[in-house]
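Source file: data_13.txt; contents: compact mmCIF, C-alpha atoms.
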```
# COMPACT_ATOMS: atom_id res chain seq x y z
CA MET E 1 25.57 39.27 -4.25
CA MET E 2 28.02 38.53 -1.44
CA LYS E 3 26.00 40.71 0.95
CA LYS E 4 22.89 38.62 0.25
CA LEU E 5 24.80 35.41 0.86
CA VAL E 6 26.10 36.73 4.20
CA LEU E 7 22.56 37.81 5.10
CA LEU E 8 21.20 34.37 4.26
CA LEU E 9 23.91 32.65 6.30
CA LEU E 10 23.23 34.99 9.22
CA PHE E 11 19.51 34.23 9.05
CA VAL E 12 20.13 30.45 8.94
CA GLU E 13 22.50 30.74 11.89
CA ILE E 14 19.94 32.70 13.92
CA ILE E 15 17.16 30.20 13.18
CA SER E 16 19.32 27.16 13.94
CA ALA E 17 20.46 28.70 17.24
CA LEU E 18 16.89 28.92 18.51
CA PRO E 19 15.99 26.07 20.87
CA LEU E 20 13.62 23.42 19.56
CA ALA E 21 10.12 23.46 20.95
CA CYS E 22 7.17 21.14 20.76
CA LEU E 23 3.87 22.29 19.29
CA PRO E 24 0.77 21.52 21.37
CA SER E 25 -0.53 18.04 20.62
CA GLN E 26 -4.07 16.79 20.35
CA PRO E 27 -5.41 14.40 23.00
CA VAL E 28 -6.16 10.97 21.56
CA GLU E 29 -9.18 8.77 22.24
CA ALA E 30 -9.11 5.09 21.37
CA VAL E 31 -11.47 2.18 21.86
CA GLU E 32 -10.27 -0.74 23.97
CA GLY E 33 -8.82 -3.43 21.70
CA GLY E 34 -8.18 -0.94 18.87
CA SER E 35 -5.12 1.14 18.12
CA ALA E 36 -4.08 4.64 19.16
CA THR E 37 -1.74 6.97 17.29
CA LEU E 38 0.08 9.47 19.49
CA GLN E 39 1.84 12.34 17.77
CA CYS E 40 4.05 15.26 18.77
CA ARG E 41 5.53 17.79 16.34
CA LEU E 42 8.53 20.03 16.69
CA ASP E 43 8.22 23.68 15.77
CA ARG E 44 10.61 23.18 12.82
CA PRO E 45 10.89 20.28 10.40
CA ILE E 46 14.32 18.90 11.31
CA ASP E 47 15.60 15.39 10.66
CA LEU E 48 15.43 13.33 13.85
CA SER E 49 16.33 9.97 12.28
CA SER E 50 19.75 9.93 13.99
CA THR E 51 18.38 11.23 17.32
CA THR E 52 17.45 9.07 20.31
CA VAL E 53 13.66 9.09 20.82
CA GLU E 54 12.13 7.89 24.09
CA TRP E 55 8.36 7.55 24.40
CA ASN E 56 7.50 6.98 28.04
CA ARG E 57 5.01 7.11 30.87
CA GLY E 58 6.68 8.71 33.83
CA HIS E 59 10.37 9.50 33.50
CA THR E 60 11.81 6.00 33.24
CA ARG E 61 8.97 3.74 32.14
CA TYR E 62 9.75 3.24 28.45
CA VAL E 63 6.88 2.60 26.08
CA HIS E 64 9.13 2.71 22.99
CA VAL E 65 12.81 3.57 22.49
CA TYR E 66 14.56 4.41 19.21
CA ARG E 67 18.34 4.84 19.20
CA SER E 68 21.21 4.35 16.78
CA ARG E 69 18.71 4.58 13.89
CA ARG E 70 16.63 1.59 15.03
CA ASP E 71 14.04 0.52 17.58
CA ASP E 72 15.31 -0.88 20.90
CA PRO E 73 12.65 -3.35 22.15
CA ASP E 74 14.87 -4.53 25.02
CA SER E 75 14.31 -1.18 26.77
CA GLN E 76 10.50 -1.38 26.61
CA MET E 77 8.15 -2.20 29.44
CA LEU E 78 6.88 -5.73 28.85
CA GLN E 79 3.25 -4.61 28.60
CA TYR E 80 4.11 -2.61 25.42
CA ARG E 81 6.41 -5.13 23.76
CA ASP E 82 5.29 -6.04 20.21
CA ARG E 83 2.43 -3.49 20.42
CA THR E 84 4.18 -0.22 19.48
CA THR E 85 5.36 1.13 16.14
CA LEU E 86 7.36 4.32 15.66
CA ASN E 87 6.87 5.90 12.24
CA HIS E 88 10.51 6.24 11.07
CA GLY E 89 9.50 8.22 7.95
CA ASP E 90 7.94 10.98 10.07
CA LEU E 91 11.21 11.44 11.98
CA THR E 92 12.81 13.11 8.95
CA ARG E 93 10.21 15.91 9.25
CA GLY E 94 10.44 16.49 13.01
CA VAL E 95 7.25 14.53 13.67
CA LEU E 96 7.17 11.89 16.40
CA THR E 97 4.38 9.38 15.68
CA LEU E 98 3.85 6.30 17.85
CA THR E 99 1.08 3.77 17.26
CA ILE E 100 0.01 1.50 20.10
CA SER E 101 -2.02 -1.52 19.01
CA ASN E 102 -4.49 -3.53 21.06
CA VAL E 103 -4.92 -0.74 23.63
CA SER E 104 -6.31 -1.57 27.04
CA LEU E 105 -7.79 0.54 29.81
CA SER E 106 -4.41 0.38 31.59
CA ASN E 107 -2.90 2.34 28.66
CA ASN E 108 -5.07 5.34 29.60
CA GLY E 109 -3.03 8.38 30.67
CA SER E 110 -0.29 10.84 29.79
CA TYR E 111 2.58 9.99 27.47
CA GLU E 112 5.77 11.93 26.93
CA VAL E 113 8.33 11.79 24.17
CA TYR E 114 11.82 12.88 25.15
CA LEU E 115 14.73 13.75 22.86
CA PRO E 116 17.87 13.68 25.04
CA GLY E 117 20.16 15.28 22.42
CA PRO E 118 18.33 18.58 22.00
CA GLU E 119 16.65 18.26 25.45
CA VAL E 120 13.08 18.47 24.15
CA ARG E 121 10.00 17.03 25.85
CA CYS E 122 6.55 16.75 24.32
CA SER E 123 3.44 15.31 25.93
CA THR E 124 0.08 14.04 24.87
CA HIS E 125 -2.81 12.27 26.54
CA LEU E 126 -4.49 8.98 25.64
CA THR E 127 -8.01 8.17 26.78
CA VAL E 128 -9.06 4.56 26.29
CA VAL E 129 -12.78 3.84 26.37
CA THR E 130 -14.69 0.57 26.34
CA LYS E 131 -16.87 -0.31 23.37
CA GLU E 132 -19.92 0.32 25.55
CA GLN E 133 -18.65 3.81 26.44
CA GLU E 134 -18.01 4.55 22.77
CA ASN E 135 -21.55 3.48 21.86
CA GLN E 136 -22.95 5.62 24.70
CA THR E 137 -20.90 8.61 23.50
CA LYS E 138 -22.16 8.18 19.95
CA ARG E 139 -25.75 8.21 21.19
CA ASN E 140 -25.13 11.31 23.31
CA ASP E 141 -23.22 13.20 20.60
CA SER E 142 -26.42 14.26 18.94
CA SER E 143 -27.48 16.12 22.09
CA THR E 144 -24.18 17.75 23.07
CA THR E 145 -23.04 21.22 22.11
CA SER E 146 -19.32 20.91 22.91
CA PRO E 147 -16.89 20.61 20.01
CA PRO E 148 -15.24 17.26 19.22
CA ALA E 149 -11.98 16.57 21.08
CA GLY E 150 -9.89 17.33 18.00
CA GLU E 151 -11.33 20.85 17.75
CA ARG E 152 -10.74 21.83 21.37
CA ASN E 153 -7.02 22.36 20.87
CA ASP E 154 -7.34 24.19 17.53
CA ALA E 155 -7.11 27.55 19.31
CA SER E 156 -3.85 26.62 21.04
CA ASN E 157 -2.44 25.25 17.76
CA ARG E 158 -3.35 28.51 16.00
CA GLU E 159 -1.73 30.47 18.82
CA ALA E 160 1.51 28.47 18.54
CA GLY E 161 1.49 28.96 14.76
CA ARG E 162 1.00 32.71 15.14
CA ALA E 163 3.86 32.88 17.65
CA ALA E 164 6.17 31.09 15.20
CA ILE E 165 5.19 33.47 12.38
CA ILE E 166 5.70 36.54 14.58
CA LEU E 167 9.13 35.28 15.67
CA THR E 168 10.15 34.67 12.04
CA VAL E 169 8.99 38.14 10.96
CA LEU E 170 10.89 39.75 13.85
CA LEU E 171 14.06 37.88 12.92
CA ILE E 172 13.75 38.96 9.29
CA LEU E 173 13.22 42.57 10.38
CA CYS E 174 16.32 42.43 12.60
CA VAL E 175 18.40 41.09 9.73
CA LEU E 176 17.06 43.79 7.40
CA VAL E 177 17.89 46.53 9.93
CA VAL E 178 21.43 45.22 10.26
CA LEU E 179 21.75 45.09 6.47
CA LYS E 180 20.32 48.58 6.03
CA ARG E 181 22.79 50.05 8.53
CA GLY E 182 25.62 48.48 6.57
CA LYS E 183 27.07 46.54 9.49
CA ILE E 184 27.67 43.47 7.34
CA PRO E 185 31.11 43.74 5.74
CA ASN E 186 31.56 43.51 1.97
CA TYR E 187 33.91 40.79 0.79
```

Here is the file; what I need is its structure written in the form of structure tokens.
Amino acid sequence: MMKKLVLLLLFVEIISALPLACLPSQPVEAVEGGSATLQCRLDRPIDLSSTTVEWNRGHTRYVHVYRSRRDDPDSQMLQYRDRTTLNHGDLTRGVLTLTISNVSLSNNGSYEVYLPGPEVRCSTHLTVVTKEQENQTKRNDSSTTSPPAGERNDASNREAGRAAIILTVLLILCVLVVLKRGKIPNY
């Protein structure tokens, strides 16, 4: 029984020592005047509710800042003030979800979320289209053969998932080899 407990503790220690990584995120398309939900996920579901979260454009242009377990609107660029919402409930699962309301064409571009504590950066891209462009796209969709934007990154998401599974299996095998060789002391 004690050997199994030591093995479990060793496995937890190995997993927790691995650096956090961000899974590939989907690009987001929003219609001007509507809202856009940007989301980045960590490779493990860890609680980020006590971590500083900085959504930005560029390295110092803050779109939304969360620190000391609350939002910090004083750090935001004025153009985003009162238009962003960070989903605090998602933070407990290692998911960083930011909603921007009343998007404009100037909101088009790349966004990055930065976690200074664990030194993790995740990026996503927002494309804002006018209502006319959206209507044109809807008319043209019936004649296109390319997959919808959400499906284009499915292959990279599957690849990241496979890599995580392979890493987990390798770690389990390493622990089993160590256990089989009897290198873990009995207490």

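In this comparison, which uses all atoms listed in the file, the residue of E:Leu86, E:Leu48, E:Ile172, E:Cys22 approaching Leu98 (chain E) most closely is E:Leu86.
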
Selection near Asp90 (chain E), 12 Å with all atoms listed in the file, sequence-local residues under 5 positions removed, as a PyMOL selection string:
chain E and resi 39-42+45-49+85+95-98

Using all atoms listed in the file, pick whichever of E:Leu23, E:Val103, E:Leu126, E:Leu170 has the shortest atom-to-atom distance to Arg57 (chain E).
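Of the candidates, the smallest distance to Arg57 (chain E) is held by E:Leu126.
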
Selection: 8 Å around Val31 (chain E), all atoms listed in the file, excl. self and same-chain fewer than 3 positions, as a compact mmCIF listing (two decimals) with C-alpha atoms, in the frame of the given file:
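The resulting file, around-v1.txt, is shown below:
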```txt
# COMPACT_ATOMS: atom_id res chain seq x y z
CA GLY E 34 -8.18 -0.94 18.87
CA SER E 35 -5.12 1.14 18.12
CA VAL E 103 -4.92 -0.74 23.63
CA VAL E 128 -9.06 4.56 26.29
CA VAL E 129 -12.78 3.84 26.37
CA THR E 130 -14.69 0.57 26.34
CA LYS E 131 -16.87 -0.31 23.37
CA GLU E 134 -18.01 4.55 22.77
```

To one decimal place in Å, what is the distance between CA of Glu54 (chain E) and CA of Thr127 (chain E)?
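CA of Thr127 (chain E) lies at a distance of 20.3 Å from CA of Glu54 (chain E).
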
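Distances here use all atoms listed in the file; by that measure, the residue among E:Thr51, E:Asn56, E:Ser25, E:Thr92 closest to Glu112 (chain E) is E:Asn56.
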
I'd like the interatomic distance between CA of Glu32 (chain E) and CA of Val113 (chain E), to a tenth of an Å.
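CA of Val113 (chain E) lies 22.4 Å from CA of Glu32 (chain E).
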
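Take CA of Pro24 (chain E) and CA of Tyr114 (chain E): the distance between them is 14.5 Å.
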
Starting from 8 Å padding per side, set up an axis-aligned box that covers all listed atoms of region 95-100 of chain E and hand over centre and edge lengths in Å, one decimal, as AutoDock Vina command-line options.
```
--center_x 3.6 --center_y 8.0 --center_z 16.9 --size_x 23.2 --size_y 29.0 --size_z 22.4
```

Env of Asp72 (chain E): 12 Å cut, atoms = only C-alpha atoms, seq-sep filter 2 positions within chain, self excluded. Answer as a PyMOL selection string.
chain E and resi 52-55+62-70+74-77+81-82+84-86

Residue nearest Val120 (chain E) among E:Ala36, E:Ala21, E:Ile100, E:Thr60 (counting only C-alpha atoms):
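Answer, going by the shortest atom-to-atom distance: E:Ala21.
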